[in-house]
Amino acid sequence: MMCYKDKTFCNSDCIVSSCFRFFGEAEREGSRKWWDHDPDNAPVAMSDFSGGCEDYIKGETKRC
């Protein structure tokens, strides 16, 4: 399956925005531009990596 940047982003409640798996507003906008024929339905692979991540810092709410 084809997905944005050919990688899986983290959709946990983690607040570490420097993580290479972080999916924030810049990535969201990038996926919309990349999938220009239907920007609100860009294929983005997401998974919760918090269980095995040494850098995980719990946030208040889920981002995605």
# chains A, B, ... in the order shown; residues from 1 in each chain; ligands from 1
call {"tool": "select_by_dssp", "arguments": {"residues": "chain A", "states": "alpha helix (DSSP H)", "output": "PyMOL selection string"}}
result
chain A and resi 25-34
call {"tool": "atom_distance", "arguments": {"atom1": "CA of Pro43 (chain A)", "atom2": "CA of Val16 (chain A)"}}
result
22.8 Å
call {"tool": "select_by_dssp", "arguments": {"residues": "chain A", "states": "strand (DSSP E)", "output": "PyMOL selection string"}}
result
chain A and resi 8-10+45-47
call {"tool": "residues_around", "arguments": {"residues": "Ser18 (chain A)", "least_positions_apart": "3", "cutoff": "12 Å", "atoms": "only C-alpha atoms", "output": "PDB file with N, CA and C atoms, in the first residue's frame"}}
result
ATOM      1  N   CYS A  14       1.749  11.063  22.772  1.00  0.00           N
ATOM      2  CA  CYS A  14       3.090  11.580  23.044  1.00  0.00           C
ATOM      3  C   CYS A  14       3.235  13.024  22.550  1.00  0.00           C
ATOM      4  N   ILE A  15       3.999  13.814  23.299  1.00  0.00           N
ATOM      5  CA  ILE A  15       4.171  15.229  22.953  1.00  0.00           C
ATOM      6  C   ILE A  15       5.570  15.553  22.427  1.00  0.00           C
ATOM      7  N   ARG A  21       8.709  10.104  14.017  1.00  0.00           N
ATOM      8  CA  ARG A  21       7.380   9.531  13.787  1.00  0.00           C
ATOM      9  C   ARG A  21       6.241  10.479  14.182  1.00  0.00           C
ATOM     10  N   PHE A  22       6.570  11.648  14.693  1.00  0.00           N
ATOM     11  CA  PHE A  22       5.556  12.620  15.118  1.00  0.00           C
ATOM     12  C   PHE A  22       4.755  13.113  13.916  1.00  0.00           C
ATOM     13  N   PHE A  23       3.433  13.122  14.040  1.00  0.00           N
ATOM     14  CA  PHE A  23       2.555  13.616  12.972  1.00  0.00           C
ATOM     15  C   PHE A  23       1.852  14.861  13.484  1.00  0.00           C
ATOM     16  N   GLY A  24       2.394  16.015  13.098  1.00  0.00           N
ATOM     17  CA  GLY A  24       1.837  17.301  13.519  1.00  0.00           C
ATOM     18  C   GLY A  24       1.225  18.047  12.350  1.00  0.00           C
ATOM     19  N   ASP A  55      11.559   7.337  24.363  1.00  0.00           N
ATOM     20  CA  ASP A  55      11.412   8.795  24.414  1.00  0.00           C
ATOM     21  C   ASP A  55       9.979   9.250  24.660  1.00  0.00           C
ATOM     22  N   TYR A  56       9.058   8.319  24.849  1.00  0.00           N
ATOM     23  CA  TYR A  56       7.644   8.634  25.022  1.00  0.00           C
ATOM     24  C   TYR A  56       7.411   9.533  26.236  1.00  0.00           C
ATOM     25  N   ILE A  57       6.677  10.618  26.006  1.00  0.00           N
ATOM     26  CA  ILE A  57       6.239  11.512  27.081  1.00  0.00           C
ATOM     27  C   ILE A  57       4.737  11.704  26.922  1.00  0.00           C
TER      28      ILE A  57
END
call {"tool": "closest_residue", "arguments": {"among": "A:Trp34, A:Phe9, A:Phe20, A:Ala26", "to": "Phe49 (chain A)", "atoms": "only C-alpha atoms"}}
result
A:Phe9
call {"tool": "residues_around", "arguments": {"residues": "region 27-32 of chain A", "least_positions_apart": "6", "cutoff": "9 Å", "atoms": "only C-alpha atoms", "output": "short mmCIF file (atom, residue, chain, number, x, y, z; two decimals) with N, CA and C atoms, in the first residue's frame"}}
result
data_model
loop_
_atom_site.label_atom_id
_atom_site.label_comp_id
_atom_site.auth_asym_id
_atom_site.auth_seq_id
_atom_site.Cartn_x
_atom_site.Cartn_y
_atom_site.Cartn_z
N TYR A 4 1.82 8.21 2.75
CA TYR A 4 2.62 9.42 2.83
C TYR A 4 4.00 9.15 3.40
N LYS A 5 5.01 9.58 2.69
CA LYS A 5 6.43 9.43 3.03
C LYS A 5 6.87 7.97 3.21
N ASP A 38 -7.53 14.46 -3.53
CA ASP A 38 -8.51 14.30 -2.45
C ASP A 38 -7.79 14.58 -1.12
N PRO A 39 -7.43 15.84 -0.86
CA PRO A 39 -6.55 16.18 0.25
C PRO A 39 -7.01 15.77 1.64
N ASP A 40 -8.29 15.62 1.85
CA ASP A 40 -8.76 15.25 3.19
C ASP A 40 -8.70 13.75 3.43
N ASN A 41 -8.32 12.99 2.41
CA ASN A 41 -8.26 11.53 2.53
C ASN A 41 -6.90 10.98 2.13
N ALA A 42 -5.83 11.70 2.41
CA ALA A 42 -4.48 11.23 2.10
C ALA A 42 -4.19 9.95 2.88
N PRO A 43 -3.59 8.96 2.23
CA PRO A 43 -3.24 7.73 2.95
C PRO A 43 -2.02 7.95 3.84
N VAL A 44 -2.24 7.92 5.14
CA VAL A 44 -1.17 8.09 6.12
C VAL A 44 -1.21 6.89 7.06
#
call {"tool": "closest_residue", "arguments": {"among": "A:Thr8, A:Asp13, A:Glu25, A:Cys19", "to": "Glu54 (chain A)", "atoms": "only C-alpha atoms"}}
result
A:Cys19
call {"tool": "residues_around", "arguments": {"residues": "Asp48 (chain A)", "least_positions_apart": "3", "cutoff": "8 Å", "atoms": "only C-alpha atoms", "output": "list in words"}}
result
Cys10, Asn11, Ser12 and Gly51 of chain A
call {"tool": "write_last_selection", "arguments": {"atoms": "all heavy atoms", "output": "short mmCIF file (atom, residue, chain, number, x, y, z; two decimals), in the first residue's frame"}}
result
data_model
loop_
_atom_site.label_atom_id
_atom_site.label_comp_id
_atom_site.auth_asym_id
_atom_site.auth_seq_id
_atom_site.Cartn_x
_atom_site.Cartn_y
_atom_site.Cartn_z
N CYS A 10 3.40 7.92 14.41
CA CYS A 10 2.85 7.53 15.71
C CYS A 10 1.58 8.35 16.00
O CYS A 10 1.56 9.56 15.84
CB CYS A 10 3.88 7.77 16.81
SG CYS A 10 3.35 7.16 18.42
N ASN A 11 0.54 7.66 16.45
CA ASN A 11 -0.68 8.38 16.82
C ASN A 11 -0.99 8.23 18.31
O ASN A 11 -2.14 8.28 18.73
CB ASN A 11 -1.87 7.94 15.96
CG ASN A 11 -2.33 6.53 16.27
OD1 ASN A 11 -1.60 5.73 16.83
ND2 ASN A 11 -3.54 6.22 15.87
N SER A 12 0.06 8.07 19.11
CA SER A 12 -0.14 8.03 20.56
C SER A 12 -0.36 9.46 21.07
O SER A 12 -0.36 10.41 20.31
CB SER A 12 1.08 7.41 21.26
OG SER A 12 2.16 8.31 21.26
N GLY A 51 4.24 2.13 23.58
CA GLY A 51 4.58 1.01 24.44
C GLY A 51 6.05 0.62 24.43
O GLY A 51 6.59 0.19 25.44
#
